[in-house]
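Asker: Dropping in upload.txt, which is compact mmCIF, C-alpha atoms:
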# COMPACT_ATOMS: atom_id res chain seq x y z
CA MET A 887 7.53 -31.19 5.21
CA PRO A 888 4.74 -28.60 5.68
CA LEU A 889 3.94 -26.30 2.75
CA ALA A 890 3.68 -22.51 2.93
CA LEU A 891 2.57 -20.63 -0.19
CA LEU A 892 3.01 -16.87 -0.11
CA ASP A 893 1.79 -14.08 -2.35
CA LEU A 894 4.43 -11.72 -3.76
CA ASP A 895 3.06 -8.19 -4.35
CA GLY A 896 1.71 -6.57 -1.22
CA THR A 897 2.82 -9.51 0.91
CA LEU A 898 6.51 -10.25 0.48
CA VAL A 899 7.34 -7.00 -1.35
CA ASP A 900 5.93 -3.48 -1.49
CA ARG A 901 4.76 -3.22 -5.08
CA GLN A 902 3.16 0.21 -4.72
CA SER A 903 6.31 2.12 -3.80
CA ALA A 904 8.24 0.33 -6.55
CA LEU A 905 5.50 1.15 -9.06
CA ASP A 906 5.58 4.83 -8.14
CA ASP A 907 9.34 4.93 -8.62
CA ALA A 908 9.36 2.92 -11.87
CA VAL A 909 6.59 4.92 -13.54
CA SER A 910 8.19 8.24 -12.61
CA ARG A 911 11.57 7.16 -13.96
CA LEU A 912 10.09 5.68 -17.12
CA CYS A 913 8.17 8.86 -17.91
CA ARG A 914 11.19 11.07 -17.23
CA SER A 915 13.53 8.98 -19.35
CA HIS A 916 11.19 9.18 -22.37
CA ALA A 917 9.81 12.68 -21.69
CA LEU A 918 6.27 11.30 -21.64
CA PRO A 919 3.44 13.79 -21.07
CA GLN A 920 1.81 14.06 -17.64
CA ASP A 921 -1.38 12.53 -19.03
CA ALA A 922 0.59 9.43 -19.99
CA GLU A 923 2.00 9.16 -16.47
CA LEU A 924 -1.47 9.43 -14.95
CA TRP A 925 -2.71 6.81 -17.44
CA LEU A 926 0.07 4.42 -16.42
CA ARG A 927 -0.55 4.86 -12.69
CA THR A 928 -4.21 4.01 -13.24
CA GLU A 929 -3.79 1.12 -15.67
CA LEU A 930 -0.90 -0.53 -13.79
CA ALA A 931 -2.42 -0.09 -10.32
CA ASP A 932 -3.16 -3.80 -9.87
CA ARG A 933 -0.92 -5.48 -12.43
CA ALA A 934 1.08 -4.81 -15.58
CA THR A 935 1.46 -6.71 -18.86
CA ALA A 936 3.23 -6.04 -22.13
CA GLY A 937 -0.15 -5.29 -23.68
CA ASP A 938 -0.55 -2.25 -21.43
CA PHE A 939 2.38 -0.61 -23.17
CA THR A 940 0.95 -1.34 -26.61
CA ARG A 941 -2.18 0.50 -25.50
CA LEU A 942 -0.08 3.32 -24.01
CA ARG A 943 1.79 3.78 -27.27
CA GLU A 944 -1.44 3.87 -29.27
CA ALA A 945 -3.27 6.16 -26.86
CA PHE A 946 -0.55 8.82 -26.86
CA GLY A 947 0.96 8.33 -30.34
CA LEU A 948 4.40 7.49 -29.01
CA GLU A 949 7.24 6.73 -31.42
CA VAL A 950 9.17 4.45 -29.06
CA SER A 951 8.22 0.77 -29.43
CA ALA A 952 5.91 -0.96 -26.98
CA VAL A 953 8.47 -3.75 -26.57
CA HIS A 954 11.12 -1.25 -25.49
CA LEU A 955 8.76 0.47 -23.07
CA TRP A 956 7.76 -2.85 -21.49
CA GLN A 957 11.35 -4.04 -21.08
CA LYS A 958 12.33 -0.68 -19.62
CA TYR A 959 9.45 -0.93 -17.15
CA VAL A 960 10.43 -4.50 -16.18
CA ASN A 961 14.00 -3.38 -15.53
CA LEU A 962 12.90 -0.33 -13.55
CA MET A 963 10.43 -2.31 -11.43
CA SER A 964 12.92 -5.05 -10.64
CA SER A 965 15.52 -2.49 -9.60
CA ALA A 966 13.03 -0.52 -7.48
CA VAL A 967 11.35 -3.38 -5.62
CA THR A 968 12.78 -4.48 -2.29
CA CYS A 969 12.20 -7.20 0.26
CA ARG A 970 13.06 -6.32 3.86
CA PRO A 971 15.94 -8.33 5.33
CA VAL A 972 13.73 -9.44 8.23
CA VAL A 973 11.39 -11.11 5.72
CA LEU A 974 14.23 -12.93 3.98
CA GLU A 975 15.56 -14.02 7.36
CA GLY A 976 12.13 -15.27 8.37
CA LEU A 977 11.79 -17.34 5.22
CA ALA A 978 15.26 -18.78 5.79
CA ARG A 979 14.19 -19.77 9.31
CA LEU A 980 11.11 -21.49 7.88
CA ARG A 981 13.25 -23.53 5.50
CA ALA A 982 15.61 -24.39 8.35
CA ALA A 983 12.55 -25.66 10.22
CA ALA A 984 11.85 -28.01 7.28
CA TRP A 985 9.08 -25.95 5.67
CA THR A 986 8.62 -26.06 1.90
CA ILE A 987 8.10 -22.50 0.63
CA GLY A 988 6.43 -21.46 -2.60
CA VAL A 989 5.49 -18.13 -4.16
CA ILE A 990 2.17 -17.91 -5.99
CA THR A 991 1.55 -14.63 -7.74
CA ASN A 992 -0.61 -13.02 -10.38
CA GLY A 993 1.29 -11.12 -13.07
CA ALA A 994 3.52 -11.52 -16.10
CA GLY A 995 6.21 -14.17 -15.73
CA ASP A 996 9.16 -12.01 -16.77
CA ILE A 997 8.49 -9.15 -14.38
CA GLN A 998 7.58 -11.34 -11.39
CA ARG A 999 10.70 -13.48 -11.78
CA ALA A 1000 12.83 -10.35 -12.16
CA LYS A 1001 11.46 -9.14 -8.81
CA LEU A 1002 12.21 -12.48 -7.16
CA ALA A 1003 15.77 -12.47 -8.47
CA LYS A 1004 16.48 -8.84 -7.56
CA THR A 1005 15.15 -9.09 -4.01
CA GLY A 1006 16.91 -12.35 -3.21
CA LEU A 1007 13.61 -14.16 -2.70
CA ALA A 1008 14.48 -16.60 -5.47
CA THR A 1009 17.21 -18.05 -3.27
CA VAL A 1010 14.93 -18.80 -0.30
CA VAL A 1011 11.92 -20.40 -1.97
CA ASP A 1012 11.45 -23.87 -3.40
CA GLY A 1013 9.05 -23.13 -6.23
CA VAL A 1014 7.25 -20.31 -8.04
CA ALA A 1015 3.95 -20.20 -9.92
CA VAL A 1016 3.10 -17.05 -11.88
CA SER A 1017 -0.33 -16.50 -13.42
CA GLY A 1018 1.26 -15.52 -16.72
CA ASP A 1019 2.69 -19.04 -17.04
CA LEU A 1020 -0.76 -20.52 -17.66
CA GLU A 1021 -2.85 -17.41 -18.39
CA ILE A 1022 -4.90 -18.14 -15.27
CA ARG A 1023 -5.08 -16.11 -12.09
CA LYS A 1024 -5.68 -16.68 -8.42
CA PRO A 1025 -8.07 -17.91 -7.09
CA ASP A 1026 -8.02 -20.53 -9.89
CA PRO A 1027 -7.14 -23.84 -8.17
CA ARG A 1028 -4.87 -24.80 -11.08
CA LEU A 1029 -2.39 -22.08 -10.14
CA PHE A 1030 -2.24 -23.40 -6.58
CA GLU A 1031 -1.72 -26.91 -7.93
CA LEU A 1032 1.12 -25.64 -10.13
CA ALA A 1033 2.75 -23.92 -7.15
CA ALA A 1034 2.64 -27.07 -5.06
CA SER A 1035 3.95 -29.18 -7.93
CA ARG A 1036 6.88 -26.83 -8.50
CA CYS A 1037 7.68 -27.15 -4.81
CA GLY A 1038 7.69 -30.94 -5.16
CA VAL A 1039 4.66 -31.50 -2.91
CA HIS A 1040 0.92 -32.12 -3.20
CA LEU A 1041 -1.92 -29.87 -2.09
CA ALA A 1042 -3.68 -32.94 -0.73
CA ASP A 1043 -1.07 -33.02 2.03
CA GLY A 1044 -2.28 -29.62 3.28
CA GLY A 1045 -0.44 -26.45 4.11
CA TRP A 1046 -0.89 -22.70 4.37
CA MET A 1047 -1.58 -19.73 2.08
CA VAL A 1048 -0.42 -16.26 3.11
CA GLY A 1049 -1.51 -13.14 1.24
CA ASP A 1050 -3.16 -9.72 1.22
CA ASN A 1051 -5.88 -10.34 -1.38
CA PRO A 1052 -9.07 -11.64 0.26
CA ALA A 1053 -10.57 -13.35 -2.79
CA GLY A 1054 -7.41 -14.37 -4.63
CA ASP A 1055 -5.23 -15.47 -1.72
CA ILE A 1056 -7.60 -16.38 1.09
CA GLY A 1057 -10.56 -17.51 -1.01
CA GLY A 1058 -8.24 -19.40 -3.33
CA GLY A 1059 -6.44 -21.03 -0.44
CA HIS A 1060 -9.71 -22.18 1.08
CA GLN A 1061 -10.80 -23.69 -2.26
CA VAL A 1062 -7.81 -26.01 -2.32
CA GLY A 1063 -7.94 -26.96 1.36
CA LEU A 1064 -5.15 -24.76 2.71
CA ARG A 1065 -5.22 -22.92 6.02
CA THR A 1066 -4.91 -19.19 5.50
CA ILE A 1067 -3.30 -16.04 6.92
CA TRP A 1068 -4.53 -12.67 5.68
CA LEU A 1069 -2.49 -9.48 5.74
CA ARG A 1070 -5.19 -6.94 6.50
CA GLY A 1071 -5.59 -3.84 4.39
CA ARG A 1072 -7.93 -4.45 1.47
CA PRO A 1073 -11.70 -4.42 1.99
CA TRP A 1074 -13.06 -7.82 2.99
CA PRO A 1075 -15.89 -8.92 0.67
CA ASP A 1076 -19.23 -10.05 2.05
CA GLY A 1077 -19.73 -13.79 2.15
CA LEU A 1078 -16.06 -14.78 2.04
CA LEU A 1079 -15.01 -17.35 4.61
CA ALA A 1080 -12.75 -15.79 7.24
CA ALA A 1081 -9.03 -16.46 7.28
CA HIS A 1082 -7.62 -18.67 10.02
CA HIS A 1083 -5.39 -15.78 11.15
CA VAL A 1084 -5.26 -12.04 10.45
CA VAL A 1085 -1.98 -10.13 10.75
CA ASP A 1086 -0.57 -6.70 9.95
CA ASP A 1087 2.77 -7.83 8.55
CA VAL A 1088 4.11 -10.91 6.77
CA THR A 1089 6.68 -11.34 9.55
CA ASP A 1090 3.76 -12.00 11.93
CA ALA A 1091 2.55 -14.69 9.54
CA ILE A 1092 6.00 -16.28 9.48
CA THR A 1093 6.01 -16.33 13.30
CA ILE A 1094 2.66 -18.15 13.29
CA LEU A 1095 4.03 -20.74 10.88
CA LEU A 1096 7.18 -21.25 12.92
CA ASN A 1097 5.06 -21.81 16.02
CA GLU A 1098 3.25 -24.56 14.14
CA THR A 1099 6.44 -26.59 14.03
CA GLU A 1100 7.68 -26.00 17.55
Would you kindly transcribe this structure into structure tokens?
Answerer:
Amino acid sequence: MPLALLDLDGTLVDRQSALDDAVSRLCRSHALPQDAELWLRTELADRATAGDFTRLREAFGLEVSAVHLWQKYVNLMSSAVTCRPVVLEGLARLRAAAWTIGVITNGAGDIQRAKLAKTGLATVVDGVAVSGDLEIRKPDPRLFELAASRCGVHLADGGWMVGDNPAGDIGGGHQVGLRTIWLRGRPWPDGLLAAHHVVDDVTDAITILLNETE
């Protein structure tokens, strides 16, 4: 069975719109100052961890606990994030075509798994590897190895990596011998080997994969 590993944020789900919503609601619910909201939008732009909320509490002298703020943020993010039905349908078609599907994502384990559960993605993938599980991040080959292992397959058998991050997703995929599909958007760094395909939407990537098995 062919393997397809897919990134989560910016690929399968729109993290940015969910982040905007979650930060706004968090700040309103705790009457946080505007400076704190701006701080959060900057610090959480790429990823969020529990430690960010410890720093937030210290920076603005907040009385509410960092643990509470983090859990509130996790809950707000998981309720705000969405995965389009056409993406879920595409993944279901891949599985029906005998593909093994894994999600490989940087981030804290609790928040990434909450997103997968809320969006329904957890029901259409075979395995998940989150950087917070091992305190390593893409493009570290060990995270790709973990993803394949949790899908019950081996990277040595080949497969595909789909994502929006040039270095983490495409560079990481190349390192472990996977073919790659890049969702264009971020600046492409000099010297990085080109992706095998470039698309504008993850549904286009799914179509390419389905054509591989026809």
Asker: Pick the closest to A:Ser915 from A:Met887, A:Leu955, A:Leu898, A:Val973: which is it, counting only C-alpha atoms?
Answerer: A:Leu955
Asker: Measuring atom to atom with all atoms listed in the file, identify which of A:Ala983, A:Asp900, A:Ile1067, A:Asp1012 is nearest to A:Cys1037.
Answerer: A:Asp1012
Asker: Neighbours of A:Val909 within 12 Å (all atoms listed in the file; same-chain residues fewer than 3 positions away dropped), as a ChimeraX atom specification?
Answerer: /A:901-906,912-918,920,922-931,934,939,955-956,958-963,966
Asker: Neighbours of stretch 889-894 of chain A within 7 Å (all atoms listed in the file; same-chain residues fewer than 3 positions away dropped), as a PyMOL selection string?
Answerer: chain A and resi 897-899+985-991+1045-1049
Asker: Kindly indicate which residue among A:Leu942, A:Leu980, A:Cys969, A:Ala1042 lies nearest to A:Ile1094, using all atoms listed in the file for the distances.
Answerer: A:Leu980
Asker: Would you please work out which residue, of A:Asn992, A:Thr1005, A:Thr1093, A:Thr1066, is nearest to A:Leu974 when using all atoms listed in the file?
Answerer: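 Of all the options, A:Thr1005 lies closest to A:Leu974.
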Asker: Build an axis-aligned box that encloses every atom of stretch 1040-1050 of chain A listed in the file, pad it by 4 Å on each side, and report its centre and edge lengths in Å to one decimal, as AutoDock Vina command-line options.
Answerer:
--center_x -1.4 --center_y -21.4 --center_z 0.6 --size_x 12.6 --size_y 31.3 --size_z 15.6
Asker: Atom CA of A:Thr1089 to atom CA of A:Asp996: how many Å, to one decimal?
Answerer: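 Going from atom CA of A:Thr1089 over to atom CA of A:Asp996 covers 26.4 Å.
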Asker: At a cut-off of 12 Å, using only C-alpha atoms, what residues contact stretch 1060-1063 of chain A? Leave out same-chain residues fewer than 2 positions from it and give the result as a VMD selection string.
Answerer: chain A and resid 889 891 1024 to 1034 1040 to 1048 1052 to 1058 1065 to 1068 1078 to 1082
Asker: Name the closest residue to A:Glu975 among the candidates A:Gly1038, A:Gly1006, A:Gly896, A:Gly1077; distances are taken between atoms, counting only C-alpha atoms.
Answerer: A:Gly1006
Asker: Mind pulling up the distance from atom CA of A:Pro971 to atom CA of A:Ala1003?
Answerer: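 So the two atoms, atom CA of A:Ala1003 and atom CA of A:Pro971, lie 14.4 Å apart.
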Asker: What does the distance between atom CA of A:Ala945 and atom CA of A:Gln957 come to in Å, to one decimal place?
Answerer: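 Straight-line distance from atom CA of A:Ala945 to atom CA of A:Gln957 works out to 18.7 Å.
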Asker: Which of these residues is nearest to A:Thr1099, using only C-alpha atoms: A:Lys1004, A:Arg933, A:Arg1072, A:Arg979?
Answerer: A:Arg979
Asker: Some atoms are missing, so please complete stretch 1008-1031 of chain A with N, CA and C atoms and return it as a PDB file, in the frame of the given file.
Answerer:
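Output contents, as saved in rebuild11.pdb:
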ATOM      1  N   ALA A1008      14.308 -15.388  -4.670  1.00  0.00           N
ATOM      2  CA  ALA A1008      14.480 -16.600  -5.470  1.00  0.00           C
ATOM      3  C   ALA A1008      15.384 -17.614  -4.791  1.00  0.00           C
ATOM      4  N   THR A1009      16.253 -17.149  -3.910  1.00  0.00           N
ATOM      5  CA  THR A1009      17.210 -18.050  -3.270  1.00  0.00           C
ATOM      6  C   THR A1009      16.647 -18.711  -2.010  1.00  0.00           C
ATOM      7  N   VAL A1010      15.463 -18.246  -1.543  1.00  0.00           N
ATOM      8  CA  VAL A1010      14.930 -18.800  -0.300  1.00  0.00           C
ATOM      9  C   VAL A1010      13.569 -19.455  -0.481  1.00  0.00           C
ATOM     10  N   VAL A1011      13.176 -19.700  -1.725  1.00  0.00           N
ATOM     11  CA  VAL A1011      11.920 -20.400  -1.970  1.00  0.00           C
ATOM     12  C   VAL A1011      12.194 -21.648  -2.803  1.00  0.00           C
ATOM     13  N   ASP A1012      11.266 -22.593  -2.709  1.00  0.00           N
ATOM     14  CA  ASP A1012      11.450 -23.870  -3.400  1.00  0.00           C
ATOM     15  C   ASP A1012      10.759 -23.946  -4.749  1.00  0.00           C
ATOM     16  N   GLY A1013       9.772 -23.101  -4.969  1.00  0.00           N
ATOM     17  CA  GLY A1013       9.050 -23.130  -6.230  1.00  0.00           C
ATOM     18  C   GLY A1013       8.258 -21.857  -6.428  1.00  0.00           C
ATOM     19  N   VAL A1014       7.970 -21.539  -7.694  1.00  0.00           N
ATOM     20  CA  VAL A1014       7.250 -20.310  -8.040  1.00  0.00           C
ATOM     21  C   VAL A1014       6.203 -20.630  -9.103  1.00  0.00           C
ATOM     22  N   ALA A1015       4.993 -20.108  -8.899  1.00  0.00           N
ATOM     23  CA  ALA A1015       3.950 -20.200  -9.920  1.00  0.00           C
ATOM     24  C   ALA A1015       3.440 -18.788 -10.199  1.00  0.00           C
ATOM     25  N   VAL A1016       3.522 -18.380 -11.462  1.00  0.00           N
ATOM     26  CA  VAL A1016       3.100 -17.050 -11.880  1.00  0.00           C
ATOM     27  C   VAL A1016       1.903 -17.200 -12.818  1.00  0.00           C
ATOM     28  N   SER A1017       0.896 -16.356 -12.631  1.00  0.00           N
ATOM     29  CA  SER A1017      -0.330 -16.500 -13.420  1.00  0.00           C
ATOM     30  C   SER A1017      -0.051 -16.434 -14.915  1.00  0.00           C
ATOM     31  N   GLY A1018       0.932 -15.628 -15.307  1.00  0.00           N
ATOM     32  CA  GLY A1018       1.260 -15.520 -16.720  1.00  0.00           C
ATOM     33  C   GLY A1018       1.762 -16.809 -17.339  1.00  0.00           C
ATOM     34  N   ASP A1019       2.210 -17.759 -16.506  1.00  0.00           N
ATOM     35  CA  ASP A1019       2.690 -19.040 -17.040  1.00  0.00           C
ATOM     36  C   ASP A1019       1.568 -19.816 -17.719  1.00  0.00           C
ATOM     37  N   LEU A1020       0.364 -19.723 -17.159  1.00  0.00           N
ATOM     38  CA  LEU A1020      -0.760 -20.520 -17.660  1.00  0.00           C
ATOM     39  C   LEU A1020      -1.931 -19.657 -18.130  1.00  0.00           C
ATOM     40  N   GLU A1021      -1.759 -18.339 -18.057  1.00  0.00           N
ATOM     41  CA  GLU A1021      -2.850 -17.410 -18.390  1.00  0.00           C
ATOM     42  C   GLU A1021      -4.074 -17.675 -17.520  1.00  0.00           C
ATOM     43  N   ILE A1022      -3.831 -18.030 -16.268  1.00  0.00           N
ATOM     44  CA  ILE A1022      -4.900 -18.140 -15.270  1.00  0.00           C
ATOM     45  C   ILE A1022      -4.443 -17.357 -14.046  1.00  0.00           C
ATOM     46  N   ARG A1023      -5.391 -16.962 -13.230  1.00  0.00           N
ATOM     47  CA  ARG A1023      -5.080 -16.110 -12.090  1.00  0.00           C
ATOM     48  C   ARG A1023      -5.669 -16.684 -10.813  1.00  0.00           C
ATOM     49  N   LYS A1024      -5.049 -16.368  -9.693  1.00  0.00           N
ATOM     50  CA  LYS A1024      -5.680 -16.680  -8.420  1.00  0.00           C
ATOM     51  C   LYS A1024      -7.059 -16.033  -8.403  1.00  0.00           C
ATOM     52  N   PRO A1025      -8.073 -16.704  -7.931  1.00  0.00           N
ATOM     53  CA  PRO A1025      -8.070 -17.910  -7.090  1.00  0.00           C
ATOM     54  C   PRO A1025      -8.211 -19.242  -7.847  1.00  0.00           C
ATOM     55  N   ASP A1026      -7.890 -19.287  -9.133  1.00  0.00           N
ATOM     56  CA  ASP A1026      -8.020 -20.530  -9.890  1.00  0.00           C
ATOM     57  C   ASP A1026      -7.215 -21.648  -9.217  1.00  0.00           C
ATOM     58  N   PRO A1027      -7.851 -22.760  -8.867  1.00  0.00           N
ATOM     59  CA  PRO A1027      -7.140 -23.840  -8.170  1.00  0.00           C
ATOM     60  C   PRO A1027      -5.940 -24.372  -8.951  1.00  0.00           C
ATOM     61  N   ARG A1028      -5.975 -24.261 -10.274  1.00  0.00           N
ATOM     62  CA  ARG A1028      -4.870 -24.800 -11.080  1.00  0.00           C
ATOM     63  C   ARG A1028      -3.557 -24.076 -10.796  1.00  0.00           C
ATOM     64  N   LEU A1029      -3.630 -22.801 -10.448  1.00  0.00           N
ATOM     65  CA  LEU A1029      -2.390 -22.080 -10.140  1.00  0.00           C
ATOM     66  C   LEU A1029      -1.821 -22.547  -8.801  1.00  0.00           C
ATOM     67  N   PHE A1030      -2.693 -22.857  -7.865  1.00  0.00           N
ATOM     68  CA  PHE A1030      -2.240 -23.400  -6.580  1.00  0.00           C
ATOM     69  C   PHE A1030      -1.640 -24.795  -6.778  1.00  0.00           C
ATOM     70  N   GLU A1031      -2.252 -25.580  -7.645  1.00  0.00           N
ATOM     71  CA  GLU A1031      -1.720 -26.910  -7.930  1.00  0.00           C
ATOM     72  C   GLU A1031      -0.341 -26.815  -8.584  1.00  0.00           C
TER      73      GLU A1031
END
